[in-house]
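The structure under discussion appears below in the form of structure tokens.
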There are 4 protein chains.
Amino acid sequence: MTRPRQFLSDNSAAVHPRLWEAMRAADAAQTPYDGDALSQELDARFGETFGRDCAALWVATGTAANCLALATMVQPHGGVVCHREAHIEMDEGGAPGFYLHGAKLLLVEGESAKLTPETITSVLDAIRDDVHQVQPHAISITQASEYGCAYRPGEVSAIAELARSRGLGFHMDGARFANATAFLGCSAGEAAKDVDALSFGCVKNGGMNAEAILFFDEGLADVARYRRKRAGHLQSKGRFLAAQLLAMLEGDLWLENAQQANAAAQEIAGACGERLMHPVEANELFVRCTAEEREALRAQGFEFYDWGPDAARLVTAWDTREDDALALAKAVSGL
Amino acid sequence: MTRPRQFLSDNSAAVHPRLWEAMRAADAAQTPYDGDALSQELDARFGETFGRDCAALWVATGTAANCLALATMVQPHGGVVCHREAHIEMDEGGAPGFYLHGAKLLLVEGESAKLTPETITSVLDAIRDDVHQVQPHAISITQASEYGCAYRPGEVSAIAELARSRGLGFHMDGARFANATAFLGCSAGEAAKDVDALSFGCVKNGGMNAEAILFFDEGLADVARYRRKRAGHLQSKGRFLAAQLLAMLEGDLWLENAQQANAAAQEIAGACGERLMHPVEANELFVRCTAEEREALRAQGFEFYDWGPDAARLVTAWDTREDDALALAKAVSGL
Amino acid sequence: MTRPRQFLSDNSAAVHPRLWEAMRAADAAQTPYDGDALSQELDARFGETFGRDCAALWVATGTAANCLALATMVQPHGGVVCHREAHIEMDEGGAPGFYLHGAKLLLVEGESAKLTPETITSVLDAIRDDVHQVQPHAISITQASEYGCAYRPGEVSAIAELARSRGLGFHMDGARFANATAFLGCSAGEAAKDVDALSFGCVKNGGMNAEAILFFDEGLADVARYRRKRAGHLQSKGRFLAAQLLAMLEGDLWLENAQQANAAAQEIAGACGERLMHPVEANELFVRCTAEEREALRAQGFEFYDWGPDAARLVTAWDTREDDALALAKAVSGL
Amino acid sequence: MTRPRQFLSDNSAAVHPRLWEAMRAADAAQTPYDGDALSQELDARFGETFGRDCAALWVATGTAANCLALATMVQPHGGVVCHREAHIEMDEGGAPGFYLHGAKLLLVEGESAKLTPETITSVLDAIRDDVHQVQPHAISITQASEYGCAYRPGEVSAIAELARSRGLGFHMDGARFANATAFLGCSAGEAAKDVDALSFGCVKNGGMNAEAILFFDEGLADVARYRRKRAGHLQSKGRFLAAQLLAMLEGDLWLENAQQANAAAQEIAGACGERLMHPVEANELFVRCTAEEREALRAQGFEFYDWGPDAARLVTAWDTREDDALALAKAVSGL
């Protein structure tokens, strides 16, 4: 037995060499906060990538990105429609309650942690339109979903249409937006079609500690700038966050990294067959297997999380070694 | 004229080479959040430095450090006694109101932005002890103060004594704690004598984006861990923050960097004479000078902020070049 | 057709004559806030009624009572275990999110809107003990439940035992506590056995605008006093609220009123047979009936709310006329 | 010595007989919350009184009225410009911090607790327009001021003009609006000229526990309705609050009561001469007198609060007996 073969999460993967280079290069430019040349370049570069005017703000974590984005759309007495297994509901330690000052998450059920206009509508319609119940102010979806499934552009725009018709903001948690976009093979703009704000993930895709919040509405961005400072997320050396993001966009490194992670996931998926609980459309696999089977995999050096008593979650990353993926595929086949 | 000679702030100075090295070395260790070996080492290393058991949490900014520390001591209906020119009052975009859920800052006047038991007591005693007025829950002081002045150990412990006698928490904002400690020539533990929590600054002293919150009470730290996540400040690659902090402590680099900044400040201070508005005990100088005089300095390439209509603020950093400091001293002398 | 026969809710019933008298008598005593003799008498009188030392605070609404009680037990980063159909979850317009500063309601399923140690435990045990998930700080149950069912003393104390063993606060929403107690035929203390705080309802039971929060822990009450003022619920003529509450306790008027409402409910229940969706243990009936049947009842002058497409909710009050209850029973029989 | 002669405060005065009658009459009308006929009549009746369309919401306290009004104008990251001695700053137990989710009060100095465009502007202009400082979102003034002084219509509209030009909301705390209006001898509309929202006081003027928030902008009122419920201030028997307010408007009882209180204050003021610290333009007197003099007054049965070591605050109310006022005037003359 040698080094572990890590399939625990992409959230602690190595930092990509081109990001290291970009950060080193940023050391010299000493304008504080987001006044530096790199931070000032973000709007234009993300605008090109998305084919749409946008305002891009860096923050250090996806939780901060999601919550700051939502805070621009949701008043404290309102609610956010999201999936019952959404990251904002399950894994952010109550951050939405903090950032939205007590606003409520309005939970929707649905396959593979995806929302549809129908499931959203059924939740919306069950809310009495009076002051005794929390009224929805926004919808949030995750691209790729918490079960690694991608929304097709048409699915996204159908939800956007519903949001508009109900007067709701529309946010996309894109912690693994790169993986979804790489899978879809469409443009960034298509993968986030008609959203008002996107949390553009970078950390899980080879970044160190930079995520972007993209606002396709300058009014929202303006509010977010105040809220970011107020949340202690305005770093004085923000140039290092901007550098990471720009390096990620440069030459579409973000897609390249995602493709590597996705390819590794597909490699393993091919060996899983009926074990797969959800389609593999990004870099996460949810795989039925017994405690004994998991034990057998771990005995071979594979590291991963249990997913309840009868399954495992396997996550690949941009730096997953091809031989590790192949070995895991083989090991799963051999179960 | 060539490159600017920057005395604007230490908050965007270069990252120290030894921190870069430490961060690169941390890339491999992939346990997420604060489970990595580096993060796990912080308590012990800070404990050694301060000669006192402590729990150390990294965060990205001083604002987050201050507010998370205070949030463990102050209930939403309470207040924080601080100076009228404290950073938490003047420069954090209302972050205390956010993190403390509407708690109030109870403002004290005083020379050089320092508090004393007497000035604190006069504010405390003016608060009616009833539910109509916000009651104090904590005291916060800044070491070095916002005007670059250091609290002597005896001054700190006198305030600690007052806090204890009134049942109040005691927090120290140490954004420039290194500069104060270097000036005082005492131990870290003496410079933060009897505080309950310290925001230990690293960013202004050669860090990239890591500050430490030190709790000398494990109960407070436990609350802070939940609040940190809830505020979106729990980075998944926290190892890079831990690496910065450990490198800063290693061989007392934090003191060495501060000494350099302080020495540059003293160099300039020597030329300022009666112009100085406050004793120079850290790396900030507040210097009386007319608009014409400021113009003259800027014409020589010096960059700095105005401090009202009749003064300038000059800040040195660990990377201030000696020749720049000498040149500025000479320029000030020649006004 | 004459006057409507109101079974919509007890929340807007008439004010009992003895409360009117008590309020008139209170006009003279002009000490403001809760310093008047009547307010000062509450602790003792409630203490007698419950056979337990307590601190009693008046507030104007049940929502304020529930949320202020919980705010003393739950930190902003914590959660409250309650039933999915609890009033605090369904009908308070997000007030818990406001008063608890973003704390989360952790929802439990269960028959007749009642919790049990088992259902609570299953929710508690599903929460990962880490900072990524909101940790429970308190349990809240409703006596009688939102479906008009009473917790037996043993059921309450079993939940109290669980709360204690897990270090959780224990709150009871007693909007209809009188109805439950009257049904149980036990003492007030038994019906709220071992709770830390009780929202003692008065408005639905013949009050005008006074509810009491009873704290069986003085430390909690002390926090609540500050929070009450901070929430704008400290009325300067609080004597009128105290007067209502004292009149309600005097001669056990609270039980007498509840018995009348319960008796009317039983009268109707006797005619409902298999239509009843829940046992009738207070003054609410949930009755299966078709739209046509509801139409038929309304045609006879009965007013009530639909409960989904296939049921009606019928609520009696202290002032429900006996002939109206009899008429409704007869009408239901005749469906 | 007999009964005390109360000049402590108007906040606990008796309830006016016509309000008692109106409340009794309201007992029958049992539509809950604000759906009853009385509550529904408020907009029209206040609209007539103010000569301006308005939406009127009842609440139980002035603190709730002020904070709910401001919550519609001020985002959590913003601030409210008000006087350093404003009730919202000094006497509401931090309620603005709670209702505004941590927004900040931006304090202005000024004679007699009044603001002027000049003093407001000096505070506004000292705020750096960046994310590091809390930006103003609204202005709040008190009519009559905390020192019993009335803003003339031109003074109010000059501040309104400033608010508009800076894009700020404009709120008036009218806890003693009746006294100010009675003093000014102008219309209600003139006394609240161009404000966006007014807290219309009733409790201090013979009410029991009803205040009105008047919104001259329906959009604000709509938000306030949700926030009122969320704050636990939507009483189910709101008809009793509406009844108080309507009775107060009927036949201008509000002005009549205020005139009585004002007349009593003038009676006493006439005896105070140089002792008066502020013009007496409502029903409060701030009177210089030594501890011995206060003792002498108290020995004659007068009750009042000290105002610091060298003064007394004397407050009259609608039910101050004329002979008590005369007696106090005489007693002050004789000091």
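So you can find residues: chains in the structure tokens are A, B, ... in the order shown, residues in each start at 1, and ligands are numbered from 1 in order.
Residues in contact range of stretch 291-298 of chain D, defined as at most 9 Å between only C-alpha atoms, with sequence neighbours fewer than 2 positions away removed, read Cys289, Gln300, Gly301, Phe302, Glu303, Phe304, Asp306, Pro309, Asp310, Ala311, Ala312, Leu328, Ala331, Val332 and Leu335 of chain D.
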With 6 Å as the limit and counting only C-alpha atoms, what residues in chain C lie close to chain A? Please list them as JSON, numbers by chain.
{"C": [91, 92, 93, 94, 97, 98, 101, 102, 131, 132, 133, 134]}
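Atom pair atom CA of B:Leu8 / atom CA of B:Thr320: separated by 11.0 Å.
Every protein or nucleic acid residue with an atom no more than 9 Å from C:Thr31, counting only C-alpha atoms and leaving out same-chain residues fewer than 6 positions away, appears here: Ala37, Ser236, Lys237, Gly238 and Arg239 of chain C; Ser12 and Ala13 of chain D.
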Would you save the residues from that selection as a PDB file, in the first residue's frame, using N, CA and C atoms?
```pdb
ATOM      1  N   ALA C  37     -48.394  47.462  40.086  1.00  0.00           N
ATOM      2  CA  ALA C  37     -48.669  46.418  41.071  1.00  0.00           C
ATOM      3  C   ALA C  37     -49.212  45.150  40.420  1.00  0.00           C
ATOM      4  N   SER C 236     -46.137  50.535  27.571  1.00  0.00           N
ATOM      5  CA  SER C 236     -46.002  51.439  28.719  1.00  0.00           C
ATOM      6  C   SER C 236     -47.207  51.319  29.650  1.00  0.00           C
ATOM      7  N   LYS C 237     -48.337  50.906  29.119  1.00  0.00           N
ATOM      8  CA  LYS C 237     -49.479  50.664  29.998  1.00  0.00           C
ATOM      9  C   LYS C 237     -49.703  49.161  30.150  1.00  0.00           C
ATOM     10  N   GLY C 238     -48.634  48.497  30.496  1.00  0.00           N
ATOM     11  CA  GLY C 238     -48.658  47.055  30.638  1.00  0.00           C
ATOM     12  C   GLY C 238     -49.651  46.592  31.698  1.00  0.00           C
ATOM     13  N   ARG C 239     -50.075  47.517  32.530  1.00  0.00           N
ATOM     14  CA  ARG C 239     -51.032  47.129  33.577  1.00  0.00           C
ATOM     15  C   ARG C 239     -52.293  46.511  32.983  1.00  0.00           C
TER      16      ARG C 239
ATOM     17  N   SER D  12     -48.151  56.676  30.893  1.00  0.00           N
ATOM     18  CA  SER D  12     -48.992  55.740  31.647  1.00  0.00           C
ATOM     19  C   SER D  12     -50.289  56.412  32.109  1.00  0.00           C
ATOM     20  N   ALA D  13     -50.631  57.499  31.451  1.00  0.00           N
ATOM     21  CA  ALA D  13     -51.859  58.224  31.802  1.00  0.00           C
ATOM     22  C   ALA D  13     -53.082  57.323  31.632  1.00  0.00           C
TER      23      ALA D  13
END
```
Determine, counting only C-alpha atoms, which protein, DNA and RNA residues have an atom within 9 Å of an atom of stretch 143-154 of chain A; residues of the same chain fewer than 4 positions away are not included. Present the result as a PyMOL selection string.
chain A and resi 85-87+112-114+158-159+172-181+183-184+186+189-193+277-286
Selected residues written out, N, CA, C and O atoms, as a compact mmCIF listing (two decimals), in the first residue's frame:
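This is the output file part_33.txt:
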```
# COMPACT_ATOMS: atom_id res chain seq x y z
N GLU A 85 -32.31 19.02 -0.79
CA GLU A 85 -30.92 18.60 -0.59
C GLU A 85 -29.93 19.63 -1.12
O GLU A 85 -28.76 19.30 -1.35
N ALA A 86 -30.41 20.82 -1.34
CA ALA A 86 -29.51 21.87 -1.82
C ALA A 86 -28.41 22.12 -0.80
O ALA A 86 -28.62 21.98 0.41
N HIS A 87 -27.26 22.49 -1.30
CA HIS A 87 -26.13 22.81 -0.43
C HIS A 87 -26.50 23.90 0.57
O HIS A 87 -26.13 23.82 1.75
N SER A 112 -32.78 13.58 -8.24
CA SER A 112 -31.40 13.98 -8.47
C SER A 112 -31.11 15.40 -8.04
O SER A 112 -30.25 16.08 -8.60
N ALA A 113 -31.88 15.85 -7.06
CA ALA A 113 -31.68 17.19 -6.49
C ALA A 113 -31.90 18.31 -7.50
O ALA A 113 -31.37 19.40 -7.37
N LYS A 114 -32.71 18.01 -8.51
CA LYS A 114 -33.03 19.03 -9.51
C LYS A 114 -34.46 19.55 -9.31
O LYS A 114 -35.35 18.82 -8.91
N ALA A 158 -36.52 27.55 -18.56
CA ALA A 158 -37.92 27.34 -18.15
C ALA A 158 -38.12 27.78 -16.70
O ALA A 158 -39.15 28.38 -16.35
N ILE A 159 -37.14 27.52 -15.87
CA ILE A 159 -37.24 27.98 -14.48
C ILE A 159 -37.10 29.50 -14.42
O ILE A 159 -37.80 30.18 -13.65
N MET A 172 -28.22 30.81 -9.35
CA MET A 172 -27.65 29.49 -9.61
C MET A 172 -26.39 29.31 -8.78
O MET A 172 -25.47 30.13 -8.84
N ASP A 173 -26.38 28.24 -8.01
CA ASP A 173 -25.18 27.84 -7.28
C ASP A 173 -24.31 27.01 -8.23
O ASP A 173 -24.67 25.88 -8.56
N GLY A 174 -23.23 27.59 -8.66
CA GLY A 174 -22.38 26.91 -9.64
C GLY A 174 -21.07 26.44 -9.04
O GLY A 174 -20.02 26.60 -9.66
N ALA A 175 -21.16 25.83 -7.88
CA ALA A 175 -19.93 25.30 -7.26
C ALA A 175 -19.21 24.38 -8.23
O ALA A 175 -17.99 24.34 -8.28
N ARG A 176 -19.98 23.65 -9.00
CA ARG A 176 -19.41 22.77 -10.04
C ARG A 176 -19.99 23.15 -11.41
O ARG A 176 -20.30 22.30 -12.23
N PHE A 177 -20.09 24.46 -11.61
CA PHE A 177 -20.62 24.95 -12.88
C PHE A 177 -19.72 24.52 -14.04
O PHE A 177 -20.21 24.20 -15.14
N ALA A 178 -18.44 24.50 -13.81
CA ALA A 178 -17.51 24.10 -14.87
C ALA A 178 -17.78 22.67 -15.31
O ALA A 178 -17.82 22.37 -16.51
N ASN A 179 -17.99 21.80 -14.34
CA ASN A 179 -18.25 20.40 -14.68
C ASN A 179 -19.54 20.25 -15.47
O ASN A 179 -19.62 19.48 -16.42
N ALA A 180 -20.55 20.99 -15.07
CA ALA A 180 -21.82 20.92 -15.80
C ALA A 180 -21.66 21.45 -17.22
O ALA A 180 -22.13 20.83 -18.18
N THR A 181 -20.97 22.57 -17.33
CA THR A 181 -20.82 23.17 -18.66
C THR A 181 -19.99 22.26 -19.56
O THR A 181 -20.31 22.07 -20.74
N PHE A 183 -19.77 19.09 -19.37
CA PHE A 183 -20.63 17.97 -19.73
C PHE A 183 -21.63 18.35 -20.82
O PHE A 183 -21.83 17.62 -21.79
N LEU A 184 -22.24 19.52 -20.67
CA LEU A 184 -23.28 19.94 -21.61
C LEU A 184 -22.69 20.26 -22.98
O LEU A 184 -23.37 20.15 -24.00
N CYS A 186 -22.01 23.10 -24.01
CA CYS A 186 -22.58 24.36 -24.50
C CYS A 186 -21.74 25.52 -23.98
O CYS A 186 -20.72 25.33 -23.32
N GLY A 189 -22.78 30.86 -21.13
CA GLY A 189 -24.04 31.61 -21.14
C GLY A 189 -25.26 30.71 -21.24
O GLY A 189 -26.28 30.95 -20.58
N GLU A 190 -25.14 29.64 -22.00
CA GLU A 190 -26.26 28.71 -22.15
C GLU A 190 -26.48 27.91 -20.85
O GLU A 190 -27.61 27.65 -20.45
N ALA A 191 -25.39 27.55 -20.23
CA ALA A 191 -25.51 26.73 -19.01
C ALA A 191 -26.07 27.51 -17.84
O ALA A 191 -26.51 26.92 -16.85
N ALA A 192 -26.05 28.85 -17.97
CA ALA A 192 -26.61 29.69 -16.90
C ALA A 192 -27.65 30.63 -17.49
O ALA A 192 -27.79 31.77 -17.08
N LYS A 193 -28.40 30.10 -18.39
CA LYS A 193 -29.31 30.92 -19.20
C LYS A 193 -30.32 31.69 -18.34
O LYS A 193 -31.07 31.10 -17.57
N MET A 277 -26.80 5.61 -8.73
CA MET A 277 -28.07 6.11 -8.23
C MET A 277 -28.57 7.31 -9.02
O MET A 277 -29.75 7.66 -8.96
N HIS A 278 -27.66 7.97 -9.69
CA HIS A 278 -28.01 9.15 -10.48
C HIS A 278 -27.15 9.14 -11.74
O HIS A 278 -26.05 8.59 -11.73
N PRO A 279 -27.65 9.75 -12.78
CA PRO A 279 -26.80 9.88 -13.98
C PRO A 279 -25.51 10.62 -13.61
O PRO A 279 -25.53 11.52 -12.76
N VAL A 280 -24.41 10.23 -14.22
CA VAL A 280 -23.14 10.90 -13.95
C VAL A 280 -22.91 11.95 -15.02
O VAL A 280 -22.57 11.65 -16.16
N GLU A 281 -23.14 13.20 -14.63
CA GLU A 281 -23.06 14.29 -15.60
C GLU A 281 -22.08 15.35 -15.16
O GLU A 281 -22.04 16.44 -15.73
N ALA A 282 -21.32 15.03 -14.15
CA ALA A 282 -20.30 15.98 -13.68
C ALA A 282 -19.17 15.13 -13.11
O ALA A 282 -18.74 14.17 -13.77
N ASN A 283 -18.74 15.42 -11.92
CA ASN A 283 -17.60 14.69 -11.35
C ASN A 283 -17.94 14.00 -10.04
O ASN A 283 -17.06 13.77 -9.22
N GLU A 284 -19.22 13.72 -9.84
CA GLU A 284 -19.61 13.01 -8.63
C GLU A 284 -20.35 11.73 -9.01
O GLU A 284 -21.20 11.75 -9.91
N LEU A 285 -20.08 10.66 -8.26
CA LEU A 285 -20.78 9.40 -8.47
C LEU A 285 -21.39 8.95 -7.15
O LEU A 285 -20.71 8.96 -6.11
N PHE A 286 -22.64 8.57 -7.22
CA PHE A 286 -23.32 8.01 -6.05
C PHE A 286 -23.60 6.56 -6.38
O PHE A 286 -24.37 6.26 -7.29
```
As a short mmCIF file (atom, residue, chain, number, x, y, z; two decimals) with all heavy atoms, in the first residue's frame, please: every residue in stretch 141-230 of chain A that a backbone DSSP assignment puts in strand (DSSP E).
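The resulting file, selection29.cif, is reproduced below:
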```cif
data_model
loop_
_atom_site.label_atom_id
_atom_site.label_comp_id
_atom_site.auth_asym_id
_atom_site.auth_seq_id
_atom_site.Cartn_x
_atom_site.Cartn_y
_atom_site.Cartn_z
N ILE A 141 -31.13 27.27 -7.82
CA ILE A 141 -30.83 25.90 -8.28
C ILE A 141 -29.32 25.71 -8.30
O ILE A 141 -28.57 26.68 -8.26
CB ILE A 141 -31.42 25.60 -9.68
CG1 ILE A 141 -30.75 26.47 -10.76
CG2 ILE A 141 -32.93 25.81 -9.70
CD1 ILE A 141 -31.16 26.08 -12.19
N THR A 142 -28.90 24.46 -8.37
CA THR A 142 -27.48 24.14 -8.34
C THR A 142 -27.08 23.46 -9.65
O THR A 142 -27.71 22.48 -10.04
CB THR A 142 -27.17 23.21 -7.15
OG1 THR A 142 -27.70 23.81 -5.96
CG2 THR A 142 -25.69 23.02 -6.97
N GLY A 169 -36.45 36.50 -7.91
CA GLY A 169 -35.07 36.45 -8.35
C GLY A 169 -34.67 35.02 -8.69
O GLY A 169 -35.32 34.06 -8.26
N PHE A 170 -33.59 34.87 -9.45
CA PHE A 170 -33.18 33.53 -9.88
C PHE A 170 -31.66 33.41 -9.73
O PHE A 170 -30.90 34.09 -10.42
CB PHE A 170 -33.61 33.29 -11.32
CG PHE A 170 -33.34 31.89 -11.84
CD1 PHE A 170 -33.23 30.80 -10.98
CD2 PHE A 170 -33.23 31.66 -13.21
CE1 PHE A 170 -32.97 29.52 -11.46
CE2 PHE A 170 -32.99 30.38 -13.71
CZ PHE A 170 -32.85 29.32 -12.83
N HIS A 171 -31.28 32.53 -8.84
CA HIS A 171 -29.87 32.34 -8.53
C HIS A 171 -29.45 30.92 -8.87
O HIS A 171 -30.21 29.98 -8.69
CB HIS A 171 -29.63 32.56 -7.02
CG HIS A 171 -28.30 32.06 -6.54
ND1 HIS A 171 -28.18 30.91 -5.78
CD2 HIS A 171 -27.05 32.54 -6.73
CE1 HIS A 171 -26.89 30.72 -5.51
NE2 HIS A 171 -26.20 31.68 -6.06
N MET A 172 -28.22 30.81 -9.35
CA MET A 172 -27.65 29.49 -9.61
C MET A 172 -26.39 29.31 -8.78
O MET A 172 -25.47 30.13 -8.84
CB MET A 172 -27.31 29.38 -11.10
CG MET A 172 -26.65 28.07 -11.48
SD MET A 172 -26.31 27.99 -13.27
CE MET A 172 -27.90 27.44 -13.90
N ASP A 173 -26.38 28.24 -8.01
CA ASP A 173 -25.18 27.84 -7.28
C ASP A 173 -24.31 27.01 -8.23
O ASP A 173 -24.67 25.88 -8.56
CB ASP A 173 -25.59 27.01 -6.05
CG ASP A 173 -24.40 26.42 -5.29
OD1 ASP A 173 -23.24 26.57 -5.76
OD2 ASP A 173 -24.62 25.79 -4.25
N GLY A 174 -23.23 27.59 -8.66
CA GLY A 174 -22.38 26.91 -9.64
C GLY A 174 -21.07 26.44 -9.04
O GLY A 174 -20.02 26.60 -9.66
N ALA A 197 -28.13 35.80 -11.06
CA ALA A 197 -26.83 35.76 -10.40
C ALA A 197 -26.33 34.33 -10.37
O ALA A 197 -27.11 33.38 -10.23
CB ALA A 197 -26.91 36.30 -8.97
N LEU A 198 -25.03 34.19 -10.53
CA LEU A 198 -24.40 32.87 -10.55
C LEU A 198 -23.22 32.86 -9.59
O LEU A 198 -22.37 33.74 -9.64
CB LEU A 198 -23.89 32.58 -11.98
CG LEU A 198 -22.96 31.37 -12.14
CD1 LEU A 198 -23.70 30.05 -11.90
CD2 LEU A 198 -22.31 31.36 -13.54
N SER A 199 -23.19 31.85 -8.74
CA SER A 199 -21.97 31.59 -7.96
C SER A 199 -21.08 30.72 -8.83
O SER A 199 -21.36 29.54 -9.02
CB SER A 199 -22.32 30.84 -6.66
OG SER A 199 -23.24 31.55 -5.89
N PHE A 200 -20.03 31.32 -9.35
CA PHE A 200 -19.14 30.62 -10.28
C PHE A 200 -18.01 29.99 -9.48
O PHE A 200 -17.16 30.68 -8.93
CB PHE A 200 -18.61 31.64 -11.30
CG PHE A 200 -17.65 31.06 -12.31
CD1 PHE A 200 -18.11 30.55 -13.51
CD2 PHE A 200 -16.28 31.04 -12.06
CE1 PHE A 200 -17.22 30.03 -14.46
CE2 PHE A 200 -15.38 30.51 -12.99
CZ PHE A 200 -15.87 30.00 -14.20
N GLU A 211 -13.86 32.39 -5.41
CA GLU A 211 -15.07 32.10 -6.16
C GLU A 211 -15.54 33.44 -6.73
O GLU A 211 -15.19 34.49 -6.20
CB GLU A 211 -16.16 31.53 -5.25
CG GLU A 211 -15.75 30.33 -4.41
CD GLU A 211 -15.89 28.99 -5.12
OE1 GLU A 211 -17.03 28.52 -5.32
OE2 GLU A 211 -14.84 28.42 -5.47
N ALA A 212 -16.32 33.38 -7.77
CA ALA A 212 -16.87 34.63 -8.29
C ALA A 212 -18.39 34.63 -8.13
O ALA A 212 -19.03 33.59 -8.29
CB ALA A 212 -16.51 34.80 -9.76
N ILE A 213 -18.92 35.79 -7.79
CA ILE A 213 -20.37 35.98 -7.90
C ILE A 213 -20.58 36.83 -9.13
O ILE A 213 -20.03 37.94 -9.23
CB ILE A 213 -20.99 36.73 -6.70
CG1 ILE A 213 -20.35 36.29 -5.38
CG2 ILE A 213 -22.50 36.53 -6.68
CD1 ILE A 213 -20.86 37.12 -4.19
N LEU A 214 -21.34 36.32 -10.06
CA LEU A 214 -21.63 37.07 -11.28
C LEU A 214 -23.06 37.60 -11.19
O LEU A 214 -24.00 36.82 -10.98
CB LEU A 214 -21.49 36.17 -12.51
CG LEU A 214 -20.16 35.42 -12.65
CD1 LEU A 214 -20.13 34.69 -13.99
CD2 LEU A 214 -18.99 36.38 -12.54
N PHE A 215 -23.18 38.89 -11.36
CA PHE A 215 -24.51 39.50 -11.38
C PHE A 215 -24.78 39.99 -12.79
O PHE A 215 -23.97 40.72 -13.37
CB PHE A 215 -24.58 40.69 -10.41
CG PHE A 215 -24.53 40.29 -8.97
CD1 PHE A 215 -23.36 40.41 -8.24
CD2 PHE A 215 -25.66 39.79 -8.34
CE1 PHE A 215 -23.31 40.04 -6.90
CE2 PHE A 215 -25.63 39.42 -6.99
CZ PHE A 215 -24.45 39.53 -6.28
#
```
